[in-house]
Each structure stands twice: as structure tokens, then as C-alpha cells.
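Contents: one structure, followed by commentary.
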Amino acid sequence: MTPGSNIPLSAARVSVDVAAPVRLDVSGLLLTADGKVRSDDDFIFYNQPSGPGVTYRSGGGSAPDAITVDTTAVPPGIEKIVVTASPDAAGQTFQGIEPTATIRNADDNSVLATFTPPRLGTETALVIVEIYLRNGQWKARAVGQGYADGLAGIATDFGVSVEEPAPAAAPAQPVTPPPAPAQPPAPVADPRLAAPPAPAAPPAPPAPGAGKINLDKGRVSLQKNQTVSLMKGGRPLLSQVKMGLGWEPAYRGKDIDLDASVIAYGPQRNHIDSCYFGKLTIVGGAIRHSGDNLTGEGGGDDEVITVDLGRLPQEVSGLVFTVNSFSGQKFTEVAKAYCRLIDAMTGEELVRFDLTGAEPQTGVMMAKLIRQYSGEWEMTAMGQFVKARTVRNMVKPAAQAL
């Protein structure tokens, strides 16, 4: 699965186990329509391993912890169960130890879906997946939302009472505590939920080629592996956009025939369709190709793929834009290859990625667009070369790169 994608559940009882290179604490929270727990009893974890329709199972350190959901036993009013995880070691982030959630049929242990959140950094806790009810059907959604303040940040967000650390005693002049409220909520007995004593230091600026930005400051020039959120003014860009792809021959007077394509994928990296010079329209016309350029000569974009983000069906959660050399010419014979995202309504260039290096291969994945949990799209510059002369041969490596 990719972030924001969902699948219908084919089993009434499902388990979600979360594995990582380190020991994790896995939890489940039962949420109402307002996104909150009804009480602290709806927080399921190792100290409180069972609740209505939801149970926690420890892996004992040798296997992943898991949350099991029996959708037939979930009480009325509960519309969502979120599965969270945090490293067992205090203060450890998920950078370099991205977890994988496996959703299984709890009765026969068959795998329904897997999800690994991409590009983690300073997060010390994650909402990984959610099991939710929509129009009478239970579904699973890949989330991957991170928190920098640990499990306490997640618990507080969803309405669980978090116990504050006791202030240090001052022997000479003890401080009289303020009067307690009439009916204070009972905090969950887990010391790791205690709010941090001081806010964490702000994260260091992202290294070149890393991190994520948005469109608020205008045109964005990406480096390889950098990501931009297609958000402007706090709102997702859901209009029609054009992905222009261009290249020039590395040697004067020598034509080079490259083919630009886009491959559409579903929630489980399943191939939905490919749009290229031989198939100019896919997914009901929401994606259209401008046609083939046989030489690469001339200024401007060589081939253009138009994507109507607002019309893309929900089953499409990832797009990978590729360029191939059917004639077998290598990308070392190409100069100035680039891709750029344009607002189709205004003609404004939003994002640009210039391919600065080349390898003696016949295919390159230029960029990908991924639909996020919150509804917006993110564009990531790729620049990954593969041995593939046609878009058909790009389907598998592009799926692996999502």
C-alpha cells in the first residue's frame, strides 16, 4: 500500500502486526466520529491489552506486536481503530528503521496488505494504519502520520489522558500545588505516555536532496529524492496539471527518440494502466498524453502528460513518470533531460526537476506523484535509471520505487 491508499477488508477479523529492526511498542485506539476516544478504556496497549472488539498481542521481542480487530464486536459509535507504534528505546526516532505493517486475516493468517511508510526522519511515534467503517463497509487505510513527541503526542491528539511528570521537590520552599479539578480523568498507567519535560529542539534543516516543502513560495526546483507537497495556502492542489518532459541530444545533429509515459498504480502497488504514445488516454480521460516526439529537437517540452488530479479515481494512489529509449540509445547520449509540473489553467510552472547525471541505461524514472492520507498529492524527484526500452518493462521497477 502507499500512503493514503485503502482496501476493503475481506475478513471480519483482522490483525495488524508491525515489524521493524528494533523493538516497538504497538497500540490501538478506538475512535468515534469526532476522532477521539470515549475514555481511556479505548486505548489498547501492553498494560491494557483488551477492549471491545480490539486486543493487543505481544510478540515477546522475537515477533512483532500486533493489534487484532474483530469488526463484528466493535461497539456502535466506534468508526475507526488506529494502529500506532513507537520505538521501545526512549527518544529513538524512526529514521533508518522504517516499520512495516502487515494486515492479515486473523483466522487463517493470510496476508491482505502490507505498508511501509516512506521518508521518515525525526518521528518518534507513528499512526501507521487505520481500520475504519465507511458506508457499512470496513476498510483499511495506510496512514504513516508521524509525531515528534512520542506516543504521548498521539495519545493527546486522540483524547487519552496523559499524566504530567511530577515537579522536582524544593526542600527549603516547597511549592503548594494548585487545587485539583473536581473529577480529574484517570491517566493511563504507562510511564512512556508522560509528556516530555521540555519541548524538543527544532530539527536541523534538511540536507540537500531531502525533506519536503510546499508551493506557498512559488516555483520549486527539486533535487533528486526531494519531495514537494502540492499544497498552496493550506489547501491541496486538485486542479488539472501538466507534466512536461524534455530532452536534447548530447551531440549536435543526432536525433534521439525517447518516449515519455506515466504508469498508474493502486493501493497495493498494483498496476492499473499506462499512458504513452500508443495509448494516449487512460482512467476515463483523467490522464492524457500529447503524442510522440521522434527527435528531441526544438525548444520547450518534448512530450506532455496532462493529469486532472480532481478527476482521478480513488483507486489511483500513485503515478510514476518515466522516459524510455525504444531505439536503444543510452541516456549518456542525452543532454538537459528534465521534467516540470505546470498548472494547466494558468500555465504557471510549479515544480521543476533537472536530471543532472546520466547512466548508460535505456530507461529512467523521472518523478512520482503519491496521494497522501490527507488528500493532497506529493511529487518526488526520482532520477533512477533502469534497463528498460519500453514502458511495459518499467511497470515492475516503478512499483518497487513507490
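Residues in the C-alpha cells are numbered from 1 in each chain, the chains being A, B, ... in the order shown, and ligands are numbered from 1 in the order shown.
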Non-local contacts of A:Arg38 (10 Å; only C-alpha atoms; under 5 positions in same chain excluded) as a PyMOL selection string:
chain A and resi 29-32+43+77-78+158-160
Need to verify the contact set: A:Tyr276, 8 Å, only C-alpha atoms, exclusion of same-chain residues closer than 2 positions in sequence. Can you return it as a PDB file with all heavy atoms, in the first residue's frame?
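Dumped everything to part34.pdb:
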ATOM      1  N   ASP A 259      10.638   8.203 -25.345  1.00  0.00           N
ATOM      2  CA  ASP A 259       9.197   8.127 -25.130  1.00  0.00           C
ATOM      3  C   ASP A 259       8.878   8.398 -23.664  1.00  0.00           C
ATOM      4  O   ASP A 259       9.401   7.719 -22.781  1.00  0.00           O
ATOM      5  CB  ASP A 259       8.669   6.738 -25.520  1.00  0.00           C
ATOM      6  CG  ASP A 259       8.970   6.395 -26.968  1.00  0.00           C
ATOM      7  OD1 ASP A 259       8.820   7.284 -27.822  1.00  0.00           O
ATOM      8  OD2 ASP A 259       9.377   5.243 -27.228  1.00  0.00           O
ATOM      9  N   ALA A 260       8.027   9.390 -23.426  1.00  0.00           N
ATOM     10  CA  ALA A 260       7.579   9.707 -22.070  1.00  0.00           C
ATOM     11  C   ALA A 260       6.277   8.972 -21.781  1.00  0.00           C
ATOM     12  O   ALA A 260       5.418   8.841 -22.658  1.00  0.00           O
ATOM     13  CB  ALA A 260       7.391  11.212 -21.908  1.00  0.00           C
ATOM     14  N   SER A 261       6.138   8.499 -20.567  1.00  0.00           N
ATOM     15  CA  SER A 261       4.948   7.739 -20.175  1.00  0.00           C
ATOM     16  C   SER A 261       4.622   8.023 -18.720  1.00  0.00           C
ATOM     17  O   SER A 261       5.436   8.582 -17.975  1.00  0.00           O
ATOM     18  CB  SER A 261       5.187   6.228 -20.342  1.00  0.00           C
ATOM     19  OG  SER A 261       5.735   5.914 -21.596  1.00  0.00           O
ATOM     20  N   VAL A 262       3.433   7.636 -18.300  1.00  0.00           N
ATOM     21  CA  VAL A 262       3.080   7.645 -16.884  1.00  0.00           C
ATOM     22  C   VAL A 262       2.380   6.331 -16.571  1.00  0.00           C
ATOM     23  O   VAL A 262       1.563   5.841 -17.357  1.00  0.00           O
ATOM     24  CB  VAL A 262       2.189   8.855 -16.520  1.00  0.00           C
ATOM     25  CG1 VAL A 262       0.869   8.839 -17.280  1.00  0.00           C
ATOM     26  CG2 VAL A 262       1.937   8.895 -15.011  1.00  0.00           C
ATOM     27  N   SER A 274      -1.174   2.200 -18.105  1.00  0.00           N
ATOM     28  CA  SER A 274      -0.041   3.032 -18.518  1.00  0.00           C
ATOM     29  C   SER A 274      -0.472   3.923 -19.665  1.00  0.00           C
ATOM     30  O   SER A 274      -1.166   3.473 -20.591  1.00  0.00           O
ATOM     31  CB  SER A 274       1.145   2.153 -18.964  1.00  0.00           C
ATOM     32  OG  SER A 274       1.575   1.315 -17.925  1.00  0.00           O
ATOM     33  N   GLY A 278       1.349   5.086 -27.480  1.00  0.00           N
ATOM     34  CA  GLY A 278       0.451   4.097 -28.061  1.00  0.00           C
ATOM     35  C   GLY A 278      -0.893   4.020 -27.374  1.00  0.00           C
ATOM     36  O   GLY A 278      -1.792   3.302 -27.824  1.00  0.00           O
ATOM     37  N   LYS A 279      -1.067   4.716 -26.273  1.00  0.00           N
ATOM     38  CA  LYS A 279      -2.335   4.743 -25.538  1.00  0.00           C
ATOM     39  C   LYS A 279      -2.436   6.118 -24.890  1.00  0.00           C
ATOM     40  O   LYS A 279      -1.970   6.328 -23.774  1.00  0.00           O
ATOM     41  CB  LYS A 279      -2.378   3.627 -24.493  1.00  0.00           C
ATOM     42  CG  LYS A 279      -3.763   3.400 -23.883  1.00  0.00           C
ATOM     43  CD  LYS A 279      -3.757   2.180 -22.982  1.00  0.00           C
ATOM     44  CE  LYS A 279      -5.162   1.825 -22.514  1.00  0.00           C
ATOM     45  NZ  LYS A 279      -5.175   0.636 -21.647  1.00  0.00           N
ATOM     46  N   LEU A 280      -3.042   7.052 -25.603  1.00  0.00           N
ATOM     47  CA  LEU A 280      -2.958   8.467 -25.247  1.00  0.00           C
ATOM     48  C   LEU A 280      -3.908   8.882 -24.125  1.00  0.00           C
ATOM     49  O   LEU A 280      -3.769   9.983 -23.592  1.00  0.00           O
ATOM     50  CB  LEU A 280      -3.209   9.336 -26.480  1.00  0.00           C
ATOM     51  CG  LEU A 280      -2.206   9.162 -27.631  1.00  0.00           C
ATOM     52  CD1 LEU A 280      -2.580  10.051 -28.809  1.00  0.00           C
ATOM     53  CD2 LEU A 280      -0.791   9.461 -27.160  1.00  0.00           C
ATOM     54  N   HIS A 289      -2.033  11.939 -22.905  1.00  0.00           N
ATOM     55  CA  HIS A 289      -0.672  12.079 -23.453  1.00  0.00           C
ATOM     56  C   HIS A 289      -0.731  12.935 -24.709  1.00  0.00           C
ATOM     57  O   HIS A 289      -1.640  12.813 -25.525  1.00  0.00           O
ATOM     58  CB  HIS A 289      -0.113  10.690 -23.771  1.00  0.00           C
ATOM     59  CG  HIS A 289       1.366  10.642 -24.009  1.00  0.00           C
ATOM     60  ND1 HIS A 289       1.964  11.209 -25.122  1.00  0.00           N
ATOM     61  CD2 HIS A 289       2.373  10.078 -23.289  1.00  0.00           C
ATOM     62  CE1 HIS A 289       3.267  11.001 -25.068  1.00  0.00           C
ATOM     63  NE2 HIS A 289       3.543  10.315 -23.966  1.00  0.00           N
ATOM     64  N   GLY A 291       1.313  12.841 -27.308  1.00  0.00           N
ATOM     65  CA  GLY A 291       1.775  12.170 -28.524  1.00  0.00           C
ATOM     66  C   GLY A 291       3.284  12.091 -28.567  1.00  0.00           C
ATOM     67  O   GLY A 291       3.995  12.667 -27.739  1.00  0.00           O
ATOM     68  N   VAL A 391       7.725   1.169 -21.785  1.00  0.00           N
ATOM     69  CA  VAL A 391       7.024   1.413 -20.530  1.00  0.00           C
ATOM     70  C   VAL A 391       6.589   0.099 -19.891  1.00  0.00           C
ATOM     71  O   VAL A 391       6.500  -0.016 -18.664  1.00  0.00           O
ATOM     72  CB  VAL A 391       5.822   2.352 -20.756  1.00  0.00           C
ATOM     73  CG1 VAL A 391       4.752   1.705 -21.619  1.00  0.00           C
ATOM     74  CG2 VAL A 391       5.213   2.794 -19.423  1.00  0.00           C
TER      75      VAL A 391
END
Distance table requested - stretch 210-237 of chain A against stretch 373-383 of chain A, cut-off 10 Å, only C-alpha atoms: one row per qualifying residue with the closest atom pair and its distance in Å to one decimal, ordered by chain and rising residue number, as JSON lines.
{"residue": "A:Lys212", "atom": "CA", "partner": "A:Glu378", "partner_atom": "CA", "distance": 8.9}
{"residue": "A:Ile213", "atom": "CA", "partner": "A:Glu378", "partner_atom": "CA", "distance": 9.5}
{"residue": "A:Asn214", "atom": "CA", "partner": "A:Glu378", "partner_atom": "CA", "distance": 8.9}
{"residue": "A:Ser221", "atom": "CA", "partner": "A:Ala381", "partner_atom": "CA", "distance": 9.7}
{"residue": "A:Leu222", "atom": "CA", "partner": "A:Ala381", "partner_atom": "CA", "distance": 6.4}
{"residue": "A:Gln223", "atom": "CA", "partner": "A:Ala381", "partner_atom": "CA", "distance": 6.6}
{"residue": "A:Lys224", "atom": "CA", "partner": "A:Ala381", "partner_atom": "CA", "distance": 5.1}
{"residue": "A:Asn225", "atom": "CA", "partner": "A:Ala381", "partner_atom": "CA", "distance": 5.1}
{"residue": "A:Gln226", "atom": "CA", "partner": "A:Thr380", "partner_atom": "CA", "distance": 5.6}
{"residue": "A:Thr227", "atom": "CA", "partner": "A:Thr380", "partner_atom": "CA", "distance": 4.2}
{"residue": "A:Val228", "atom": "CA", "partner": "A:Met379", "partner_atom": "CA", "distance": 5.4}
{"residue": "A:Ser229", "atom": "CA", "partner": "A:Glu378", "partner_atom": "CA", "distance": 4.3}
{"residue": "A:Leu230", "atom": "CA", "partner": "A:Trp377", "partner_atom": "CA", "distance": 5.5}
{"residue": "A:Met231", "atom": "CA", "partner": "A:Glu376", "partner_atom": "CA", "distance": 6.9}
{"residue": "A:Arg235", "atom": "CA", "partner": "A:Glu376", "partner_atom": "CA", "distance": 8.0}
{"residue": "A:Pro236", "atom": "CA", "partner": "A:Glu376", "partner_atom": "CA", "distance": 4.8}
{"residue": "A:Leu237", "atom": "CA", "partner": "A:Glu376", "partner_atom": "CA", "distance": 6.8}
Need to verify the contact set: stretch 118-135 of chain A, 9 Å, only C-alpha atoms, exclusion of same-chain residues closer than 3 positions in sequence. Can you return it as a VMD selection string?
chain A and resid 2 to 3 9 16 18 69 71 78 to 87 90 to 101 115 138 to 154 203 210 to 211 402
Quick one: pick out all helix (DSSP H, G or I) residues within stretch 264-381 of chain A from a backbone DSSP run and write them as number ranges by chain.
A: 283-285, 309-311, 331-333
Pick out the residues sitting within 12 Å of A:Ser325, and hand them over as a VMD selection string; count only C-alpha atoms, and ignore anything fewer than 3 positions along from it in its own chain.
chain A and resid 247 255 to 261 293 to 296 322 328 to 334 360 to 364 385 to 391 393 to 394
Write a file of the just-selected residues containing C-alpha atoms, as a PDB file, in the first residue's frame.
ATOM      1  CA  TRP A 247      15.485  16.374 -23.521  1.00  0.00           C
ATOM      2  CA  ASP A 255      18.276  12.796 -33.378  1.00  0.00           C
ATOM      3  CA  ILE A 256      17.230  10.868 -30.329  1.00  0.00           C
ATOM      4  CA  ASP A 257      13.816   9.242 -29.971  1.00  0.00           C
ATOM      5  CA  LEU A 258      12.689   8.976 -26.369  1.00  0.00           C
ATOM      6  CA  ASP A 259       9.197   8.127 -25.130  1.00  0.00           C
ATOM      7  CA  ALA A 260       7.579   9.707 -22.070  1.00  0.00           C
ATOM      8  CA  SER A 261       4.948   7.739 -20.175  1.00  0.00           C
ATOM      9  CA  ASN A 293       8.217  13.271 -30.351  1.00  0.00           C
ATOM     10  CA  LEU A 294      10.627  11.409 -32.618  1.00  0.00           C
ATOM     11  CA  THR A 295      13.739  13.610 -32.426  1.00  0.00           C
ATOM     12  CA  GLY A 296      14.008  15.603 -29.198  1.00  0.00           C
ATOM     13  CA  THR A 322       9.120   7.587 -16.996  1.00  0.00           C
ATOM     14  CA  GLY A 328      18.329   1.549 -27.540  1.00  0.00           C
ATOM     15  CA  GLN A 329      20.199   4.851 -27.271  1.00  0.00           C
ATOM     16  CA  LYS A 330      21.583   5.340 -23.753  1.00  0.00           C
ATOM     17  CA  PHE A 331      20.927   8.326 -21.529  1.00  0.00           C
ATOM     18  CA  THR A 332      24.612   9.180 -21.747  1.00  0.00           C
ATOM     19  CA  GLU A 333      23.678  10.393 -25.270  1.00  0.00           C
ATOM     20  CA  VAL A 334      21.026  12.741 -23.830  1.00  0.00           C
ATOM     21  CA  PRO A 360      24.296   4.140 -19.777  1.00  0.00           C
ATOM     22  CA  GLN A 361      20.765   2.787 -19.462  1.00  0.00           C
ATOM     23  CA  THR A 362      17.659   2.944 -21.661  1.00  0.00           C
ATOM     24  CA  GLY A 363      15.067   3.950 -19.068  1.00  0.00           C
ATOM     25  CA  VAL A 364      14.711   6.472 -16.273  1.00  0.00           C
ATOM     26  CA  PHE A 385      17.910   4.658 -14.215  1.00  0.00           C
ATOM     27  CA  VAL A 386      16.873   1.146 -15.245  1.00  0.00           C
ATOM     28  CA  LYS A 387      17.444  -1.175 -18.175  1.00  0.00           C
ATOM     29  CA  ALA A 388      14.085  -0.864 -19.946  1.00  0.00           C
ATOM     30  CA  ARG A 389      13.335   0.213 -23.510  1.00  0.00           C
ATOM     31  CA  THR A 390       9.530   0.308 -23.144  1.00  0.00           C
ATOM     32  CA  VAL A 391       7.024   1.413 -20.530  1.00  0.00           C
ATOM     33  CA  ASN A 393       9.371  -3.035 -18.767  1.00  0.00           C
ATOM     34  CA  MET A 394       9.102  -0.098 -16.354  1.00  0.00           C
TER      35      MET A 394
END
